[in-house]
file coords.cif (mmCIF, C-alpha atoms)
data_model
#
loop_
_atom_site.label_atom_id
_atom_site.label_comp_id
_atom_site.auth_asym_id
_atom_site.auth_seq_id
_atom_site.Cartn_x
_atom_site.Cartn_y
_atom_site.Cartn_z
CA MET A 1116 -19.77 6.59 0.18
CA GLN A 1117 -21.78 8.82 -2.11
CA GLU A 1118 -20.22 12.07 -0.91
CA ASP A 1119 -16.83 13.32 -1.96
CA ILE A 1120 -16.70 11.36 -5.24
CA ALA A 1121 -16.08 13.31 -8.41
CA ASP A 1122 -17.67 13.11 -11.83
CA GLY A 1123 -15.79 11.31 -14.57
CA TRP A 1124 -14.28 8.82 -12.16
CA SER A 1125 -14.09 5.97 -14.67
CA GLY A 1126 -11.52 7.67 -16.89
CA ALA A 1127 -9.53 8.72 -13.86
CA PHE A 1128 -9.70 5.15 -12.57
CA GLY A 1129 -8.22 3.88 -15.84
CA ASP A 1130 -5.35 6.36 -15.59
CA PHE A 1131 -4.76 5.44 -11.96
CA VAL A 1132 -4.67 1.68 -12.62
CA ALA A 1133 -2.38 2.18 -15.62
CA ARG A 1134 0.33 3.40 -13.20
CA PHE A 1135 0.84 -0.11 -11.85
CA ALA A 1136 -0.97 -2.52 -14.18
CA GLY A 1137 2.39 -3.76 -15.43
CA ARG A 1138 3.11 -5.16 -11.95
CA PHE A 1139 0.55 -7.90 -12.58
CA GLY A 1140 2.01 -9.46 -15.69
CA PRO A 1141 -0.43 -11.49 -17.85
CA VAL A 1142 -3.94 -10.39 -18.77
CA GLU A 1143 -5.82 -12.52 -16.24
CA PRO A 1144 -4.05 -11.22 -13.09
CA ARG A 1145 -4.45 -7.66 -14.39
CA ARG A 1146 -8.16 -8.20 -14.97
CA ARG A 1147 -8.56 -9.64 -11.52
CA MET A 1148 -6.70 -6.70 -10.00
CA VAL A 1149 -8.97 -4.19 -11.75
CA SER A 1150 -12.07 -6.07 -10.57
CA TYR A 1151 -10.66 -6.28 -7.06
CA LEU A 1152 -10.11 -2.51 -7.00
CA ARG A 1153 -13.53 -1.73 -8.47
CA GLY A 1154 -15.20 -3.84 -5.79
CA PRO A 1155 -14.29 -1.59 -2.84
CA LEU A 1156 -15.60 1.39 -4.82
CA SER A 1157 -19.02 -0.22 -5.06
CA GLU A 1158 -21.92 0.34 -2.69
CA ALA A 1159 -21.85 -3.23 -1.43
CA GLU A 1160 -21.92 -3.29 2.37
CA ARG A 1161 -19.29 -6.03 2.60
CA LYS A 1162 -16.18 -6.12 0.41
CA ASN A 1163 -15.04 -9.73 0.84
CA GLY A 1164 -14.10 -12.36 -1.74
CA TRP A 1165 -17.69 -13.39 -2.44
CA THR A 1166 -19.09 -9.88 -2.92
CA LEU A 1167 -16.09 -8.82 -5.03
CA ALA A 1168 -16.58 -11.90 -7.18
CA GLU A 1169 -20.30 -11.17 -7.59
CA GLY A 1170 -19.50 -7.61 -8.64
CA ALA A 1171 -17.11 -8.98 -11.26
CA GLY A 1172 -19.74 -11.40 -12.58
CA ASP A 1173 -18.04 -14.52 -11.21
CA THR A 1174 -19.92 -17.46 -9.74
CA GLY A 1175 -17.51 -17.87 -6.84
CA PRO A 1176 -14.53 -16.25 -5.07
CA GLN A 1177 -11.88 -18.56 -6.53
CA GLY A 1178 -10.58 -15.97 -9.00
CA MET A 1179 -10.18 -13.31 -6.33
CA GLN A 1180 -8.51 -15.85 -4.05
CA ARG A 1181 -6.00 -16.68 -6.77
CA LEU A 1182 -5.13 -12.98 -7.01
CA LEU A 1183 -4.33 -12.90 -3.29
CA ASN A 1184 -2.73 -16.30 -2.91
CA HIS A 1185 -1.28 -17.63 -6.16
CA TYR A 1186 -0.62 -15.10 -8.93
CA LEU A 1187 2.89 -13.68 -9.07
CA TRP A 1188 2.97 -9.99 -8.18
CA ASP A 1189 4.83 -7.82 -5.71
CA ALA A 1190 2.68 -6.14 -3.05
CA ASP A 1191 5.60 -3.98 -1.93
CA ALA A 1192 6.08 -2.63 -5.45
CA LEU A 1193 2.37 -1.79 -5.57
CA ARG A 1194 2.72 -0.11 -2.18
CA ASP A 1195 5.43 2.11 -3.61
CA ASP A 1196 3.27 2.95 -6.63
CA VAL A 1197 0.39 3.91 -4.34
CA ARG A 1198 2.69 6.09 -2.23
CA ASP A 1199 4.02 7.86 -5.31
CA ALA A 1200 0.51 8.51 -6.64
CA VAL A 1201 -0.58 9.92 -3.28
CA VAL A 1202 2.29 12.35 -2.91
CA GLU A 1203 2.03 13.40 -6.56
CA HIS A 1204 -1.47 14.74 -5.86
CA LEU A 1205 -1.35 15.51 -2.13
CA GLY A 1206 2.33 16.27 -1.55
CA ASP A 1207 3.38 19.38 0.37
CA PRO A 1208 7.04 19.73 1.41
CA VAL A 1209 6.21 22.22 4.18
CA ARG A 1210 2.83 21.23 5.64
CA GLY A 1211 2.82 17.56 4.64
CA VAL A 1212 2.76 15.21 7.65
CA LEU A 1213 3.69 11.55 8.02
CA ILE A 1214 1.49 9.89 10.66
CA LEU A 1215 2.12 6.55 12.39
CA ASP A 1216 -0.64 4.55 14.05
CA GLU A 1217 -2.09 1.08 14.30
CA THR A 1218 -5.51 -0.48 13.90
CA GLY A 1219 -7.02 -3.84 14.75
CA PHE A 1220 -8.76 -6.46 12.62
CA LEU A 1221 -11.03 -8.73 14.64
CA LYS A 1222 -10.48 -12.37 13.69
CA LYS A 1223 -11.69 -15.79 14.77
CA GLY A 1224 -9.48 -18.83 15.19
CA VAL A 1225 -5.74 -19.19 15.67
CA ARG A 1226 -4.37 -19.79 12.15
CA SER A 1227 -4.54 -16.37 10.48
CA ALA A 1228 -1.09 -14.76 10.41
CA GLY A 1229 -0.43 -12.71 13.54
CA VAL A 1230 -3.81 -13.40 15.12
CA GLY A 1231 -4.03 -13.61 18.89
CA ARG A 1232 -5.63 -12.18 21.97
CA GLN A 1233 -4.16 -8.71 22.08
CA TYR A 1234 -5.30 -5.18 22.74
CA SER A 1235 -7.18 -3.71 19.82
CA GLY A 1236 -7.80 0.02 19.79
CA THR A 1237 -10.59 -0.66 17.33
CA ALA A 1238 -12.47 -2.70 19.92
CA GLY A 1239 -11.10 -0.79 22.91
CA ARG A 1240 -10.23 -4.02 24.70
CA ILE A 1241 -8.29 -7.26 24.39
CA GLU A 1242 -9.77 -9.29 21.55
CA ASN A 1243 -8.76 -12.06 19.17
CA SER A 1244 -7.38 -9.92 16.38
CA GLN A 1245 -4.63 -8.98 13.98
CA ILE A 1246 -2.87 -5.64 14.42
CA GLY A 1247 -1.68 -3.63 11.44
CA VAL A 1248 0.79 -0.76 11.80
CA PHE A 1249 0.29 1.95 9.18
CA LEU A 1250 1.88 5.11 7.86
CA ALA A 1251 -0.38 7.82 6.45
CA TYR A 1252 0.42 10.93 4.44
CA GLY A 1253 -1.66 14.02 5.15
CA SER A 1254 -1.71 17.59 3.89
CA ASP A 1255 -4.21 20.37 3.29
CA ARG A 1256 -5.04 18.58 0.02
CA GLY A 1257 -6.09 15.27 1.58
CA ARG A 1258 -4.83 12.15 3.27
CA ALA A 1259 -4.24 8.47 2.48
CA LEU A 1260 -2.43 5.38 3.78
CA ILE A 1261 0.96 4.83 2.15
CA ASP A 1262 2.57 1.93 4.05
CA ARG A 1263 1.66 -1.03 6.25
CA GLU A 1264 3.11 -3.83 8.34
CA LEU A 1265 1.45 -6.80 10.06
CA TYR A 1266 2.46 -7.08 13.71
CA LEU A 1267 3.50 -10.60 14.72
CA PRO A 1268 3.40 -11.25 18.50
CA LYS A 1269 6.28 -13.17 20.06
CA ASP A 1270 4.19 -16.32 20.43
CA TRP A 1271 4.10 -16.35 16.63
CA THR A 1272 7.75 -15.66 15.82
CA SER A 1273 8.89 -18.13 18.47
CA ASP A 1274 6.91 -20.89 16.74
CA ARG A 1275 8.45 -21.29 13.30
CA GLU A 1276 6.21 -24.21 12.29
CA ARG A 1277 3.14 -22.10 12.98
CA CYS A 1278 4.70 -19.28 10.97
CA ARG A 1279 5.46 -21.52 8.00
CA ALA A 1280 1.87 -22.81 8.01
CA ALA A 1281 0.70 -19.20 7.62
CA GLY A 1282 3.23 -18.43 4.88
CA ILE A 1283 5.64 -16.48 7.10
CA SER A 1284 9.23 -17.17 6.08
CA ASP A 1285 11.97 -17.94 8.57
CA GLU A 1286 13.58 -14.58 7.78
CA VAL A 1287 10.68 -12.69 9.36
CA GLU A 1288 11.63 -12.05 12.97
CA PHE A 1289 9.86 -10.39 15.87
CA ALA A 1290 9.65 -6.60 15.61
CA THR A 1291 7.96 -4.18 17.96
CA LYS A 1292 5.36 -1.78 16.62
CA PRO A 1293 7.79 1.18 16.96
CA ASP A 1294 10.41 -0.82 15.04
CA MET A 1295 7.85 -1.40 12.27
CA GLY A 1296 6.98 2.29 12.33
CA LEU A 1297 10.63 3.21 12.04
CA ARG A 1298 11.06 0.90 9.03
CA MET A 1299 8.17 2.62 7.30
CA LEU A 1300 9.56 6.07 8.07
CA GLN A 1301 12.92 4.99 6.67
CA ARG A 1302 11.25 3.82 3.46
CA ALA A 1303 9.37 7.10 3.15
CA VAL A 1304 12.54 9.16 3.65
CA ASP A 1305 14.55 7.00 1.27
CA SER A 1306 11.86 7.47 -1.40
CA GLY A 1307 12.34 11.23 -1.29
CA ILE A 1308 8.69 12.11 -0.77
CA PRO A 1309 8.00 15.73 0.28
CA PHE A 1310 6.90 16.28 3.87
CA GLY A 1311 7.57 18.66 6.71
CA TRP A 1312 6.68 16.79 9.91
CA VAL A 1313 6.15 13.42 11.60
CA THR A 1314 3.60 12.72 14.31
CA ALA A 1315 2.46 9.61 16.20
CA ASP A 1316 0.79 8.51 19.41
CA GLU A 1317 2.37 7.37 22.68
CA VAL A 1318 3.22 3.86 21.47
CA TYR A 1319 5.78 5.40 19.11
CA GLY A 1320 6.55 8.69 20.86
CA GLN A 1321 7.87 7.08 24.04
CA THR A 1322 10.41 5.05 22.03
CA SER A 1323 13.70 6.96 22.23
CA ARG A 1324 15.38 5.20 19.29
CA LEU A 1325 12.61 6.40 16.98
CA ARG A 1326 12.94 9.99 18.26
CA MET A 1327 16.72 9.85 17.97
CA TRP A 1328 16.51 8.62 14.37
CA LEU A 1329 14.25 11.51 13.46
CA GLU A 1330 16.64 13.97 15.09
CA GLU A 1331 19.64 12.48 13.30
CA HIS A 1332 17.84 13.06 9.99
CA ASN A 1333 16.73 16.60 10.90
CA ILE A 1334 13.06 15.66 10.72
CA PRO A 1335 10.73 17.91 12.75
CA HIS A 1336 8.28 15.92 14.84
CA VAL A 1337 5.52 16.13 17.40
CA LEU A 1338 5.22 12.78 19.19
CA ALA A 1339 2.75 12.01 21.97
CA VAL A 1340 4.24 10.65 25.20
CA PRO A 1341 2.70 9.43 28.48
CA LYS A 1342 2.49 11.81 31.42
CA SER A 1343 5.17 9.71 33.14
CA GLN A 1344 7.70 10.35 30.37
CA MET A 1345 11.03 11.52 31.78
CA VAL A 1346 12.45 14.61 30.06
CA MET A 1347 15.63 16.61 30.49
CA THR A 1348 14.84 20.01 31.96
CA MET A 1349 16.80 23.17 31.22
CA GLY A 1350 18.50 22.95 34.61
CA PHE A 1351 21.95 21.42 35.00
CA PHE A 1352 21.44 17.66 34.59
CA GLY A 1353 17.83 18.15 35.66
CA GLN A 1354 15.11 15.60 34.96
CA ALA A 1355 11.37 15.59 35.53
CA ARG A 1356 8.31 13.69 34.46
CA ALA A 1357 6.21 15.39 31.82
CA HIS A 1358 3.22 15.98 34.08
CA GLN A 1359 5.42 17.38 36.87
CA LEU A 1360 7.06 19.90 34.57
CA VAL A 1361 3.74 21.06 33.16
CA SER A 1362 2.11 21.28 36.59
CA GLU A 1363 4.58 24.03 37.51
CA LEU A 1364 3.35 26.33 34.73
CA CYS A 1365 1.41 29.44 35.66
CA ASP A 1366 -1.97 30.22 34.13
CA GLY A 1367 -0.40 32.77 31.82
CA ALA A 1368 1.70 30.08 30.13
CA TRP A 1369 -1.35 28.62 28.39
CA THR A 1370 -2.66 29.79 25.00
CA ARG A 1371 -6.03 28.85 23.53
CA LEU A 1372 -5.61 27.55 19.99
CA SER A 1373 -7.44 25.37 17.49
CA CYS A 1374 -5.59 22.31 16.23
CA GLY A 1375 -7.90 21.96 13.23
CA GLY A 1376 -11.52 21.65 12.27
CA GLY A 1377 -13.74 18.93 13.66
CA ALA A 1378 -17.26 17.66 13.14
CA HIS A 1379 -18.56 20.32 15.51
CA GLY A 1380 -16.26 23.19 14.52
CA PRO A 1381 -12.71 24.14 15.53
CA ARG A 1382 -11.03 21.75 17.98
CA GLU A 1383 -9.91 24.22 20.62
CA TYR A 1384 -7.70 23.48 23.60
CA ASP A 1385 -5.34 25.33 25.88
CA TRP A 1386 -1.72 24.75 24.87
CA ALA A 1387 1.64 25.36 26.52
CA ALA A 1388 5.23 24.65 25.51
CA VAL A 1389 8.19 24.19 27.86
CA PRO A 1390 11.78 24.18 26.57
CA ILE A 1391 13.69 20.98 27.39
CA ARG A 1392 17.12 19.51 26.59
CA PRO A 1393 19.69 22.24 27.42
CA TRP A 1394 22.25 20.74 25.00
CA ARG A 1395 20.74 21.65 21.66
CA ARG A 1396 21.91 21.52 18.12
CA GLU A 1397 22.39 24.99 16.71
CA GLY A 1398 19.25 26.20 14.98
CA TRP A 1399 16.99 23.53 16.52
CA GLY A 1400 14.84 23.35 19.64
CA HIS A 1401 13.31 20.70 21.89
CA TRP A 1402 10.01 21.29 23.61
CA LEU A 1403 7.50 19.55 25.83
CA LEU A 1404 4.09 20.49 24.43
CA ALA A 1405 0.95 20.14 26.56
CA ARG A 1406 -2.69 20.14 25.45
CA ARG A 1407 -5.33 20.84 28.12
CA SER A 1408 -9.06 20.24 27.74
CA LEU A 1409 -11.30 23.28 28.06
CA THR A 1410 -14.00 21.33 29.90
CA ASP A 1411 -11.75 19.21 32.12
CA PRO A 1412 -8.45 20.94 33.07
CA THR A 1413 -7.14 17.65 34.47
CA ASP A 1414 -7.30 16.10 31.01
CA ILE A 1415 -3.84 16.90 29.62
CA ALA A 1416 -1.96 15.29 26.73
CA TYR A 1417 1.81 15.57 26.33
CA TYR A 1418 4.10 15.69 23.28
CA ILE A 1419 7.84 15.86 22.71
CA CYS A 1420 8.65 18.27 19.89
CA PHE A 1421 11.77 18.75 17.81
CA CYS A 1422 11.68 21.61 15.32
CA PRO A 1423 13.69 24.54 13.94
CA ALA A 1424 14.33 27.35 16.40
CA GLY A 1425 11.83 30.15 16.01
CA THR A 1426 8.95 27.86 15.02
CA SER A 1427 5.69 29.38 16.23
CA LEU A 1428 3.52 27.52 18.73
CA GLU A 1429 0.75 27.29 16.14
CA GLU A 1430 2.78 24.95 13.93
CA PRO A 1431 3.40 22.05 16.38
CA VAL A 1432 -0.19 22.50 17.56
CA ARG A 1433 -1.35 21.99 13.97
CA VAL A 1434 0.84 18.91 13.62
CA ALA A 1435 -0.39 17.44 16.92
CA GLY A 1436 -3.94 17.89 15.68
CA SER A 1437 -3.17 16.25 12.34
CA ARG A 1438 -3.15 12.78 13.93
CA TRP A 1439 -6.91 12.64 13.29
CA MET A 1440 -6.07 12.23 9.59
CA ILE A 1441 -4.92 8.64 10.00
CA GLU A 1442 -8.00 7.85 12.09
CA GLU A 1443 -10.09 9.21 9.24
CA CYS A 1444 -8.11 7.02 6.84
CA PHE A 1445 -8.87 3.93 8.94
CA GLN A 1446 -12.54 4.80 9.13
CA SER A 1447 -12.80 5.49 5.40
CA ALA A 1448 -10.80 2.41 4.44
CA LYS A 1449 -12.89 0.14 6.65
CA ASN A 1450 -16.20 1.69 5.63
CA GLU A 1451 -15.48 2.28 1.96
CA THR A 1452 -12.63 0.15 0.63
CA GLY A 1453 -12.90 -3.06 2.65
CA LEU A 1454 -9.70 -2.74 4.68
CA ASP A 1455 -11.08 -5.02 7.40
CA HIS A 1456 -13.35 -7.15 5.20
CA ASN A 1457 -10.68 -9.62 4.19
CA GLN A 1458 -11.20 -13.32 4.72
CA VAL A 1459 -7.57 -14.25 4.16
CA GLY A 1460 -5.42 -16.15 6.63
CA GLY A 1461 -2.01 -16.17 4.97
CA TYR A 1462 0.74 -13.64 5.55
CA ILE A 1463 1.28 -12.75 1.90
CA ALA A 1464 -2.46 -12.60 1.23
CA TRP A 1465 -2.88 -10.14 4.11
CA TYR A 1466 -0.33 -7.77 2.60
CA ARG A 1467 -1.90 -8.11 -0.84
CA HIS A 1468 -5.44 -7.41 0.33
CA ILE A 1469 -4.41 -4.49 2.55
CA THR A 1470 -2.33 -2.94 -0.23
CA LEU A 1471 -5.16 -3.21 -2.75
CA SER A 1472 -7.52 -1.61 -0.23
CA MET A 1473 -4.97 1.17 0.27
CA ALA A 1474 -4.82 1.65 -3.50
CA ALA A 1475 -8.61 2.06 -3.65
CA LEU A 1476 -8.47 4.54 -0.76
CA ALA A 1477 -5.70 6.48 -2.52
CA PHE A 1478 -7.82 6.69 -5.67
CA LEU A 1479 -10.70 8.19 -3.68
CA ALA A 1480 -8.34 10.66 -2.00
CA ILE A 1481 -6.98 11.73 -5.38
CA LEU A 1482 -10.49 12.18 -6.80
CA ARG A 1483 -11.48 14.32 -3.86
CA ALA A 1484 -8.33 16.43 -4.10
CA GLU A 1485 -8.87 17.03 -7.82
CA ALA A 1486 -12.56 17.87 -7.29
CA LYS A 1487 -11.63 20.33 -4.55
CA LYS A 1488 -8.92 21.93 -6.66
CA GLU A 1489 -11.22 22.36 -9.63
CA GLY A 1490 -14.18 23.51 -7.56
CA ARG A 1491 -16.42 20.77 -8.91
CA ILE A 1492 -19.37 19.42 -6.96
CA PRO A 1493 -18.74 15.73 -6.23
CA ALA A 1494 -21.17 13.23 -7.72
CA ALA A 1495 -21.90 9.58 -7.11
CA ILE A 1496 -19.73 6.86 -8.53
CA ASN A 1497 -20.98 3.88 -10.51
CA PRO A 1498 -18.32 1.19 -10.22
CA SER A 1499 -19.97 -1.06 -12.76
CA SER A 1500 -19.50 1.42 -15.58
CA PRO A 1501 -16.81 0.62 -18.15
#
call {"tool": "encode", "arguments": {"input": "coords.cif", "output": "C-alpha cells"}}
result
Amino acid sequence: MQEDIADGWSGAFGDFVARFAGRFGPVEPRRRMVSYLRGPLSEAERKNGWTLAEGAGDTGPQGMQRLLNHYLWDADALRDDVRDAVVEHLGDPVRGVLILDETGFLKKGVRSAGVGRQYSGTAGRIENSQIGVFLAYGSDRGRALIDRELYLPKDWTSDRERCRAAGISDEVEFATKPDMGLRMLQRAVDSGIPFGWVTADEVYGQTSRLRMWLEEHNIPHVLAVPKSQMVMTMGFFGQARAHQLVSELCDGAWTRLSCGGGAHGPREYDWAAVPIRPWRREGWGHWLLARRSLTDPTDIAYYICFCPAGTSLEEPVRVAGSRWMIEECFQSAKNETGLDHNQVGGYIAWYRHITLSMAALAFLAILRAEAKKEGRIPAAINPSSP
C-alpha cells in the first residue's frame, strides 16, 4: 500500500473525517470511528477487530465491536457522505461512469447474515460465502465504491426466525442482484451526482427491467449480455441471438481499438457495432456491441448499448472497458482497507463495516486524485501519526 499515497495525508484525513464525524454523536463513538478508519490505512496484513484494536492501543476488540454492533449511527447516511466526497473530487458529468458488480466474502458457518453455499466470483466456484452487490464511480480522475447491498438468498428470506437472529428485520424481503443494482442506481440518480454512462456485467445486463429503467431516464449505458441474448434486429419484427447477429458480420465490420490501459499496455480488441431496435426514440440509438479477442477470434463478448445518435464507436468501447475500475476497487479494498477482513455476523454490522471500509478506500482515492492533479510524487503514509 506504499504507492499512490500522498504527503500530508494526516491533515487531509482530518478534513475528510470532519465531513461525517457528526453522524456518530458523542465523543466515544467518534473516536472509535476515527480509529476504525485509521486501521485500514495501516500496514497491518489483516484489518479485523483485533488488529484494529491493537492499532488503537486497546487491549481487546470490544470497543471496535461496539462501534459495529451497539453505538447509534446511520450507515446509510455515512454511505451518502462517502458518495458525495467521491464525486466532489472525481466527478465528471461527461466521462464519469457508474459500474455495477458483485464480489464474494468467504465465510464459515451458517449464522452470518446472507451466508450460504453460492457461487462466488472471488473464488471462481461455489463456496460458503456472503455476496455483496456494489456500485462504483469511475472517471479519468480515479475510482471508488459508493454504494453496497448484501444479497440474501431465498433460503434466508423464507426463514424469518433465522433472519431475526442475524438482525435482519421482517421488512427486508428477497431481492435479486439486479434489483439491488437498480436500487443503487436509483439512489445515485436521485442524489444528482454527475455521470455520463452506466456499465455492468451479464448478471445485470440481461435483466430487461434494469435496461428499460435506464432508457426511461435517458441514461446512456453499455451492458454486457450473454451470447444467447435475444435482440430485435432492424428487420420487420425480426429477432436474433446476439452471437448469430454478430456471426453474419463481414471482416470489414471490425475495428481494432483500445478500451483502456492495462498492466501490459493498451487493452486492444477488435470491435463491431450492429444497429438493433428499429423503433427508436428520436435522437437515440440502440446497438449490439461485440468485442473479439485478437489471439482467439472465437472469444467474443457482447453488449447492449443505448446512447445518443451520432456517438462514436470509441465512446461505448471506452465505457465497456471501464468495468475494470470496479474490479480494481475490490482488489484495493480487500488488500488495503479490509473490505473482506470483517469478523461480523450481524446484518447491521456487515453494512457498518463495509461502509467504513468504503470510506477508507474513498479517502485513498481522493488522496491519489489530488496528488495526480498537483503533480506531487506520492509518499508513504504513517497511520499512527496524529
call {"tool": "resolve_selection", "arguments": {"input": "coords.cif", "expression": "the PyMOL selection byres ((chain A and resi 1408-1417) around 8)", "output": "number ranges by chain"}}
result
A: 1339-1342, 1357-1358, 1383-1385, 1403-1407, 1418-1419
call {"tool": "residues_near_point", "arguments": {"input": "coords.cif", "point": "(-10.5, 9.2, -9.3)", "cutoff": "9 Å", "atoms": "all atoms listed in the file", "output": "list in words"}}
result
Ile1120, Ala1121, Asp1122, Gly1123, Trp1124, Ser1125, Gly1126, Ala1127, Phe1128, Gly1129, Asp1130, Phe1131, Ala1477, Phe1478, Leu1479, Ala1480, Ile1481, Leu1482, Arg1483 and Glu1485 of chain A
call {"tool": "atom_distance", "arguments": {"input": "coords.cif", "atom1": "CA of Ala1387 in chain A", "atom2": "CA of Arg1326 in chain A"}}
result
20.8 Å
call {"tool": "resolve_selection", "arguments": {"input": "coords.cif", "expression": "the PyMOL selection byres ((chain A and resi 1333) around 12)", "output": "ChimeraX atom specification"}}
result
/A:1304,1311-1313,1326-1332,1334-1336,1396-1400,1421-1423
call {"tool": "closest_residue", "arguments": {"input": "coords.cif", "among": "A:Gly1307, A:Gly1231, A:Gly1377, A:Gly1206", "to": "Arg1258 in chain A", "atoms": "all atoms listed in the file"}}
result
A:Gly1206
call {"tool": "resolve_selection", "arguments": {"input": "coords.cif", "expression": "the PyMOL selection byres ((chain A and resi 1266) around 10)", "output": "VMD selection string"}}
result
chain A and resid 1217 1228 to 1230 1245 to 1248 1263 to 1265 1267 to 1269 1271 1289 to 1292 1295
call {"tool": "atom_distance", "arguments": {"input": "coords.cif", "atom1": "CA of Thr1218 in chain A", "atom2": "CA of Leu1338 in chain A"}}
result
17.9 Å
call {"tool": "atom_distance", "arguments": {"input": "coords.cif", "atom1": "CA of Met1148 in chain A", "atom2": "CA of Gly1282 in chain A"}}
result
21.4 Å
call {"tool": "closest_atom_pairs", "arguments": {"input": "coords.cif", "of": "range 1439-1472 of chain A", "to": "range 1184-1200 of chain A", "cutoff": "8 Å", "atoms": "only C-alpha atoms", "output": "JSON lines"}}
result
{"residue": "A:Gly1461", "atom": "CA", "partner": "A:Asn1184", "partner_atom": "CA", "distance": 7.9}
{"residue": "A:Ile1463", "atom": "CA", "partner": "A:Asn1184", "partner_atom": "CA", "distance": 7.2}
{"residue": "A:Ala1464", "atom": "CA", "partner": "A:Asn1184", "partner_atom": "CA", "distance": 5.6}
{"residue": "A:Tyr1466", "atom": "CA", "partner": "A:Ala1190", "partner_atom": "CA", "distance": 6.6}
{"residue": "A:Arg1467", "atom": "CA", "partner": "A:Ala1190", "partner_atom": "CA", "distance": 5.5}
{"residue": "A:Thr1470", "atom": "CA", "partner": "A:Arg1194", "partner_atom": "CA", "distance": 6.1}
call {"tool": "write_last_selection", "arguments": {"input": "coords.cif", "atoms": "C-alpha atoms", "output": "short mmCIF file (atom, residue, chain, number, x, y, z; two decimals), in the coordinates of the input"}}
result
data_model
loop_
_atom_site.label_atom_id
_atom_site.label_comp_id
_atom_site.auth_asym_id
_atom_site.auth_seq_id
_atom_site.Cartn_x
_atom_site.Cartn_y
_atom_site.Cartn_z
CA GLY A 1461 -2.01 -16.17 4.97
CA ILE A 1463 1.28 -12.75 1.90
CA ALA A 1464 -2.46 -12.60 1.23
CA TYR A 1466 -0.33 -7.77 2.60
CA ARG A 1467 -1.90 -8.11 -0.84
CA THR A 1470 -2.33 -2.94 -0.23
#
call {"tool": "closest_residue", "arguments": {"input": "coords.cif", "among": "A:Trp1394, A:Ile1214, A:Ala1388, A:Gly1353", "to": "Cys1365 in chain A", "atoms": "all atoms listed in the file"}}
result
A:Ala1388
